[in-house]
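Novice: Please see the structure below; I have some questions.
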Amino acid sequence: MSVPRLSIRGLKKAFGPKVVLDGVDLDVAVGESLVIIGGSGTGKSVLLKCILGLIHPDSGSIKLDGQELVGLKGKALEQARARFGMLFQGGALFDSLPVWRNVTFALTQGKLGAGAAMHKIAVENLAKVGLEPRVADLRPSELSGGMQKRVALARAIAANPEILFFDEPTTGLDPIRADTINALIRQQVSAMGATALTITHDMASARHIADRIAMLHGGRILWDGPVSQLDSSGNAFVDQFVHGRSEGPITAGANG
Ligand SMILES: Nc1ncnc2c1ncn2[C@@H]1O[C@H](COP(=O)(O)OP(=O)(O)OP(=O)(O)O)[C@@H](O)[C@H]1O
């Protein structure tokens with residue numbers, strides 16, 4: 001078997017007495033789109049932040065192509081992160097910068113300069129997400145929520161990363177705009193041959209984006225399988241979550 005692009009073993013993280021991750025094991029294969037589902041407060045964001053190196057886990061391992069990420073610092077961490085593209089919840093665009101500067105932010109590391117070349121790259125990436133060239137010169141605040149998400153997606157893909165992370169990519173969008181974003185994510189991930197890891201509690205989005213789904217609950221991955229098996233998982237927790245039932249083994253408020 002080939003080495004997974006991302007391999008997580010025994011990952012633990014607690015904040016004081018509150019155990020959030022309690023031994024997460026998860027592999028993401030090269031070119032696979034994996035979606036992590038789970039209720040509010042189950043630790044999806046904490047897991048993502050551990051992978052991105054924004055939170056230090058208490059123990060466990062996160063390997064990228066076999067290389068340990070936990071404990072990486074300085075240049076080595078920067079090099080690993082350069083392979084990542086990220087779409088943050090809410091877009092996280094800079095309103096003080098025009099759209100084209102936002103899209104090329106990772107390429108310029110926030111520095112100004114190389115204007116014409118960067119503008120061209122921004123326009124090319126905006127086209128990939130269905131936005132016209134004129135959008136490049138607008139400010140994020142002049143765009144609708146759906147357009148802002150597209151700009152954020154253009155920014156995530158602009159540096160041609162090998163691994164894309166999507167944090168609640170459809171939050172705040174109506175179902176039609178959400179579906180457009182899901183389709184664009186699917187399309188771009190395939191076109192780039194990238195590996196994708198998404199966290200969401202939007203089941204429509206999960207079904208659309210995923211090759212494989214993993215459910216985080218009680219600090220662990222309690223089920224993972226192909227999206228085609230989601231409705232026949234035979235797991236009462238997955239069933240309850242997927243169908244949004246209030247009755248079942250998951251109790252509301254259990255995770256804070
Ligand atoms: N820096 C922190 N300090 C203390 N507690 C934290 C910190 N970050 C997260 N937590 C706690 O960890 C738990 C998991 O939070 P997390 O944001 O990962 O949940 P989530 O699954 O992403 O939820 P949602 O779907 O609502 O975004 C929560 O109880 C949260 O309060």
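Chain labels A, B, ... are given in the sequence in which chains occur in the structure tokens; within each chain residues are numbered consecutively from 1, and ligands are likewise numbered from 1 in the order shown.
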Can you check which residues of segment 170-224 of chain A DSSP gives as alpha helix (DSSP H) on the backbone and send them as a VMD selection string?

Specialist: chain A and resid 175 to 192 203 to 209

Novice: Restricted to C-alpha atoms, what would the selected residues look like written as a PDB file, in the first residue's frame?

Specialist:
ATOM      1  CA  PRO A 175     -28.704  25.924  -0.435  1.00  0.00           C
ATOM      2  CA  ILE A 176     -28.282  26.911  -4.087  1.00  0.00           C
ATOM      3  CA  ARG A 177     -25.122  28.959  -3.534  1.00  0.00           C
ATOM      4  CA  ALA A 178     -23.851  26.240  -1.213  1.00  0.00           C
ATOM      5  CA  ASP A 179     -24.333  23.673  -3.949  1.00  0.00           C
ATOM      6  CA  THR A 180     -22.428  25.845  -6.424  1.00  0.00           C
ATOM      7  CA  ILE A 181     -19.498  26.054  -3.991  1.00  0.00           C
ATOM      8  CA  ASN A 182     -19.610  22.279  -3.414  1.00  0.00           C
ATOM      9  CA  ALA A 183     -19.530  21.678  -7.167  1.00  0.00           C
ATOM     10  CA  LEU A 184     -16.613  24.088  -7.614  1.00  0.00           C
ATOM     11  CA  ILE A 185     -14.678  22.451  -4.785  1.00  0.00           C
ATOM     12  CA  ARG A 186     -15.232  19.002  -6.282  1.00  0.00           C
ATOM     13  CA  GLN A 187     -14.273  20.230  -9.750  1.00  0.00           C
ATOM     14  CA  GLN A 188     -11.115  22.048  -8.641  1.00  0.00           C
ATOM     15  CA  VAL A 189      -9.911  19.243  -6.390  1.00  0.00           C
ATOM     16  CA  SER A 190     -10.269  16.805  -9.309  1.00  0.00           C
ATOM     17  CA  ALA A 191      -8.688  19.199 -11.814  1.00  0.00           C
ATOM     18  CA  MET A 192      -5.671  19.766  -9.540  1.00  0.00           C
ATOM     19  CA  MET A 203     -24.509  16.817   5.254  1.00  0.00           C
ATOM     20  CA  ALA A 204     -25.483  17.935   1.743  1.00  0.00           C
ATOM     21  CA  SER A 205     -22.023  19.446   1.375  1.00  0.00           C
ATOM     22  CA  ALA A 206     -20.343  16.342   2.817  1.00  0.00           C
ATOM     23  CA  ARG A 207     -22.127  14.051   0.365  1.00  0.00           C
ATOM     24  CA  HIS A 208     -21.236  16.311  -2.546  1.00  0.00           C
ATOM     25  CA  ILE A 209     -17.558  16.828  -1.766  1.00  0.00           C
TER      26      ILE A 209
END

Novice: Show me which residues are within 6 Å of ligand 1 counting only C-alpha atoms and all ligand atoms, and format the list as a PyMOL selection string.

Specialist: chain A and resi 15+20+39-46+255-256

Novice: Just N, CA and C atoms for this one: save the residues we selected as a short mmCIF file (atom, residue, chain, number, x, y, z; two decimals), in the first residue's frame.

Specialist:
data_model
loop_
_atom_site.label_atom_id
_atom_site.label_comp_id
_atom_site.auth_asym_id
_atom_site.auth_seq_id
_atom_site.Cartn_x
_atom_site.Cartn_y
_atom_site.Cartn_z
N PHE A 15 -7.97 20.64 26.77
CA PHE A 15 -7.81 22.00 27.28
C PHE A 15 -8.18 21.93 28.76
N VAL A 20 -10.66 16.94 24.32
CA VAL A 20 -11.35 17.17 23.04
C VAL A 20 -11.01 16.05 22.05
N GLY A 39 -20.82 16.70 15.32
CA GLY A 39 -21.63 17.76 15.90
C GLY A 39 -20.81 18.95 16.34
N SER A 40 -21.50 20.01 16.74
CA SER A 40 -20.84 21.21 17.24
C SER A 40 -20.02 20.86 18.47
N GLY A 41 -18.81 21.35 18.50
CA GLY A 41 -17.97 21.16 19.68
C GLY A 41 -17.33 19.79 19.80
N THR A 42 -17.39 18.99 18.75
CA THR A 42 -16.78 17.65 18.84
C THR A 42 -15.27 17.69 18.59
N GLY A 43 -14.77 18.82 18.13
CA GLY A 43 -13.32 18.95 17.97
C GLY A 43 -12.83 18.95 16.53
N LYS A 44 -13.73 19.17 15.59
CA LYS A 44 -13.31 19.19 14.18
C LYS A 44 -12.28 20.30 13.92
N SER A 45 -12.59 21.50 14.46
CA SER A 45 -11.66 22.62 14.24
C SER A 45 -10.34 22.39 14.96
N VAL A 46 -10.42 21.81 16.15
CA VAL A 46 -9.18 21.54 16.91
C VAL A 46 -8.31 20.56 16.12
N ASN A 255 -21.26 18.00 23.90
CA ASN A 255 -19.91 18.48 23.63
C ASN A 255 -19.74 19.97 23.92
N GLY A 256 -20.66 20.52 24.70
CA GLY A 256 -20.51 21.91 25.06
C GLY A 256 -21.17 22.82 24.05
#

Novice: Where does DSSP see strand (DSSP E or B) in segment 17-255 of chain A, if you list the residues as a VMD selection string?

Specialist: chain A and resid 18 to 28 33 to 37 59 to 64 67 to 68 84 to 87 163 to 167 195 to 199 212 to 217 220 to 226

Novice: Those same residues, written as a short mmCIF file (atom, residue, chain, number, x, y, z; two decimals), in the first residue's frame with N, CA and C atoms?

Specialist:
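File selection.cif, as written:
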data_model
loop_
_atom_site.label_atom_id
_atom_site.label_comp_id
_atom_site.auth_asym_id
_atom_site.auth_seq_id
_atom_site.Cartn_x
_atom_site.Cartn_y
_atom_site.Cartn_z
N LYS A 18 -10.80 19.37 30.02
CA LYS A 18 -11.69 19.01 28.91
C LYS A 18 -10.93 18.28 27.80
N VAL A 19 -11.18 16.99 27.69
CA VAL A 19 -10.53 16.20 26.63
C VAL A 19 -11.32 16.40 25.34
N VAL A 20 -10.66 16.94 24.32
CA VAL A 20 -11.35 17.17 23.04
C VAL A 20 -11.01 16.05 22.05
N LEU A 21 -9.73 15.81 21.84
CA LEU A 21 -9.31 14.70 20.97
C LEU A 21 -8.73 13.62 21.87
N ASP A 22 -9.21 12.38 21.67
CA ASP A 22 -8.86 11.33 22.63
C ASP A 22 -8.31 10.09 21.92
N GLY A 23 -7.42 10.35 20.95
CA GLY A 23 -6.83 9.23 20.21
C GLY A 23 -7.41 9.12 18.82
N VAL A 24 -7.24 10.20 18.04
CA VAL A 24 -7.76 10.20 16.66
C VAL A 24 -6.79 9.45 15.74
N ASP A 25 -7.34 8.48 15.01
CA ASP A 25 -6.58 7.75 13.98
C ASP A 25 -7.28 8.01 12.64
N LEU A 26 -6.52 8.47 11.66
CA LEU A 26 -7.15 8.79 10.37
C LEU A 26 -6.10 8.84 9.27
N ASP A 27 -6.40 8.24 8.12
CA ASP A 27 -5.53 8.35 6.96
C ASP A 27 -6.27 9.05 5.83
N VAL A 28 -5.56 9.86 5.07
CA VAL A 28 -6.13 10.44 3.86
C VAL A 28 -5.19 10.07 2.71
N SER A 33 -10.66 12.87 -1.43
CA SER A 33 -11.38 13.94 -0.75
C SER A 33 -12.08 13.36 0.45
N LEU A 34 -11.59 13.68 1.63
CA LEU A 34 -12.14 13.16 2.88
C LEU A 34 -12.89 14.28 3.60
N VAL A 35 -14.09 13.98 4.06
CA VAL A 35 -14.85 14.95 4.82
C VAL A 35 -15.05 14.42 6.24
N ILE A 36 -14.71 15.26 7.21
CA ILE A 36 -14.93 14.91 8.62
C ILE A 36 -16.22 15.58 9.07
N ILE A 37 -17.15 14.75 9.52
CA ILE A 37 -18.41 15.27 10.04
C ILE A 37 -18.43 15.09 11.57
N SER A 59 -0.30 14.60 22.52
CA SER A 59 0.47 13.44 22.08
C SER A 59 -0.10 12.94 20.76
N GLY A 60 0.63 12.01 20.16
CA GLY A 60 0.19 11.45 18.88
C GLY A 60 1.02 11.97 17.72
N SER A 61 0.67 11.49 16.55
CA SER A 61 1.49 11.76 15.38
C SER A 61 0.63 12.21 14.20
N ILE A 62 1.18 13.17 13.43
CA ILE A 62 0.53 13.61 12.19
C ILE A 62 1.63 13.57 11.12
N LYS A 63 1.51 12.64 10.19
CA LYS A 63 2.56 12.54 9.16
C LYS A 63 2.04 12.99 7.80
N LEU A 64 2.90 13.74 7.11
CA LEU A 64 2.62 14.20 5.76
C LEU A 64 3.58 13.45 4.84
N GLN A 67 6.36 12.11 6.70
CA GLN A 67 7.20 13.01 7.52
C GLN A 67 6.39 13.55 8.70
N GLU A 68 6.94 13.44 9.88
CA GLU A 68 6.25 13.90 11.10
C GLU A 68 6.09 15.42 11.09
N PHE A 84 0.08 23.40 1.63
CA PHE A 84 -1.32 23.46 2.03
C PHE A 84 -2.03 24.65 1.42
N GLY A 85 -3.30 24.44 1.06
CA GLY A 85 -4.18 25.56 0.71
C GLY A 85 -5.35 25.49 1.66
N MET A 86 -5.85 26.66 2.05
CA MET A 86 -6.86 26.65 3.11
C MET A 86 -8.01 27.58 2.79
N LEU A 87 -9.21 27.07 2.92
CA LEU A 87 -10.38 27.94 2.83
C LEU A 87 -11.00 28.02 4.22
N ILE A 163 -2.45 19.84 -0.94
CA ILE A 163 -3.51 19.47 -0.01
C ILE A 163 -4.37 20.69 0.28
N LEU A 164 -5.65 20.50 0.12
CA LEU A 164 -6.58 21.60 0.38
C LEU A 164 -7.39 21.30 1.63
N PHE A 165 -7.53 22.30 2.48
CA PHE A 165 -8.34 22.16 3.69
C PHE A 165 -9.52 23.12 3.57
N PHE A 166 -10.70 22.58 3.83
CA PHE A 166 -11.90 23.42 3.78
C PHE A 166 -12.59 23.37 5.13
N ASP A 167 -12.73 24.54 5.75
CA ASP A 167 -13.37 24.63 7.06
C ASP A 167 -14.78 25.17 6.85
N THR A 195 -5.30 16.48 -2.81
CA THR A 195 -5.93 15.77 -1.71
C THR A 195 -6.72 16.81 -0.94
N ALA A 196 -7.92 16.45 -0.49
CA ALA A 196 -8.73 17.46 0.20
C ALA A 196 -9.25 16.92 1.52
N LEU A 197 -9.22 17.79 2.52
CA LEU A 197 -9.80 17.45 3.82
C LEU A 197 -10.73 18.59 4.22
N THR A 198 -11.98 18.23 4.43
CA THR A 198 -13.02 19.22 4.72
C THR A 198 -13.64 18.91 6.08
N ILE A 199 -13.91 19.93 6.87
CA ILE A 199 -14.72 19.69 8.08
C ILE A 199 -16.03 20.43 7.92
N ARG A 212 -14.81 9.93 0.78
CA ARG A 212 -14.90 9.15 2.01
C ARG A 212 -15.30 10.10 3.15
N ILE A 213 -16.04 9.55 4.09
CA ILE A 213 -16.51 10.37 5.21
C ILE A 213 -16.03 9.74 6.51
N ALA A 214 -15.60 10.60 7.44
CA ALA A 214 -15.20 10.11 8.76
C ALA A 214 -16.00 10.88 9.80
N MET A 215 -16.53 10.18 10.76
CA MET A 215 -17.29 10.88 11.80
C MET A 215 -16.51 10.96 13.11
N LEU A 216 -16.36 12.21 13.59
CA LEU A 216 -15.66 12.46 14.85
C LEU A 216 -16.69 12.56 15.97
N HIS A 217 -16.51 11.76 16.98
CA HIS A 217 -17.42 11.80 18.13
C HIS A 217 -16.69 11.24 19.34
N ARG A 220 -12.87 10.67 19.10
CA ARG A 220 -12.27 9.70 18.17
C ARG A 220 -13.06 9.63 16.87
N ILE A 221 -12.44 9.01 15.87
CA ILE A 221 -13.17 8.74 14.63
C ILE A 221 -13.95 7.45 14.88
N LEU A 222 -15.27 7.59 15.00
CA LEU A 222 -16.00 6.36 15.36
C LEU A 222 -16.49 5.59 14.15
N TRP A 223 -16.48 6.20 12.98
CA TRP A 223 -16.80 5.47 11.75
C TRP A 223 -16.12 6.18 10.59
N ASP A 224 -15.60 5.43 9.65
CA ASP A 224 -15.24 6.06 8.38
C ASP A 224 -15.46 5.06 7.26
N GLY A 225 -15.89 5.60 6.13
CA GLY A 225 -16.18 4.73 5.01
C GLY A 225 -16.50 5.54 3.77
N PRO A 226 -16.66 4.86 2.63
CA PRO A 226 -16.99 5.57 1.40
C PRO A 226 -18.34 6.27 1.52
#

Novice: So that I can check the surroundings of segment 229-231 of chain A, please list as a count of residues only every protein, DNA and RNA residue that reaches within 8 Å of it, counting only C-alpha atoms and ignoring chain neighbours fewer than 5 positions away.

Specialist: 4

Novice: Which residues are near Val3 of chain A? Cut-off 8 Å, only C-alpha atoms, ignore same chain within fewer than 6 positions. Put them as a list in words.

Specialist: Ala29, Asp65 and Gly66 of chain A

Novice: Residues near Gly172 of chain A, anyone? I mean within 10 Å using only C-alpha atoms, not counting same-chain ones fewer than 6 positions away, as number ranges by chain.

Specialist: A: 89-90, 145-146, 149, 178

Novice: Using only C-alpha atoms, which of the listed residues (A:Leu173, A:Ala14, A:Leu72, A:Ala117) sits closest to Leu47 of chain A?

Specialist: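 Among the listed residues, the smallest separation from Leu47 of chain A belongs to A:Ala14.
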
Novice: Can you pull out the residues contacting segment 130-139 of chain A? Cut-off 9 Å, using only C-alpha atoms, and skip same-chain residues under 6 positions away; I want them as number ranges by chain.

Specialist: A: 94-101, 103, 119, 122-124, 147, 150-151, 184

Novice: Rounded to one decimal in Å, what is the spacing between atom CA of Gly234 of chain A and atom CA of Thr200 of chain A?

Specialist: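 Atom-to-atom, atom CA of Gly234 of chain A to atom CA of Thr200 of chain A, that is 21.3 Å.
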
Novice: Enter the distance from atom CA of Ala152 of chain A to atom CA of Arg81 of chain A, in Å, rounded to one decimal.

Specialist: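 Atom-to-atom, atom CA of Ala152 of chain A to atom CA of Arg81 of chain A, that is 17.5 Å.
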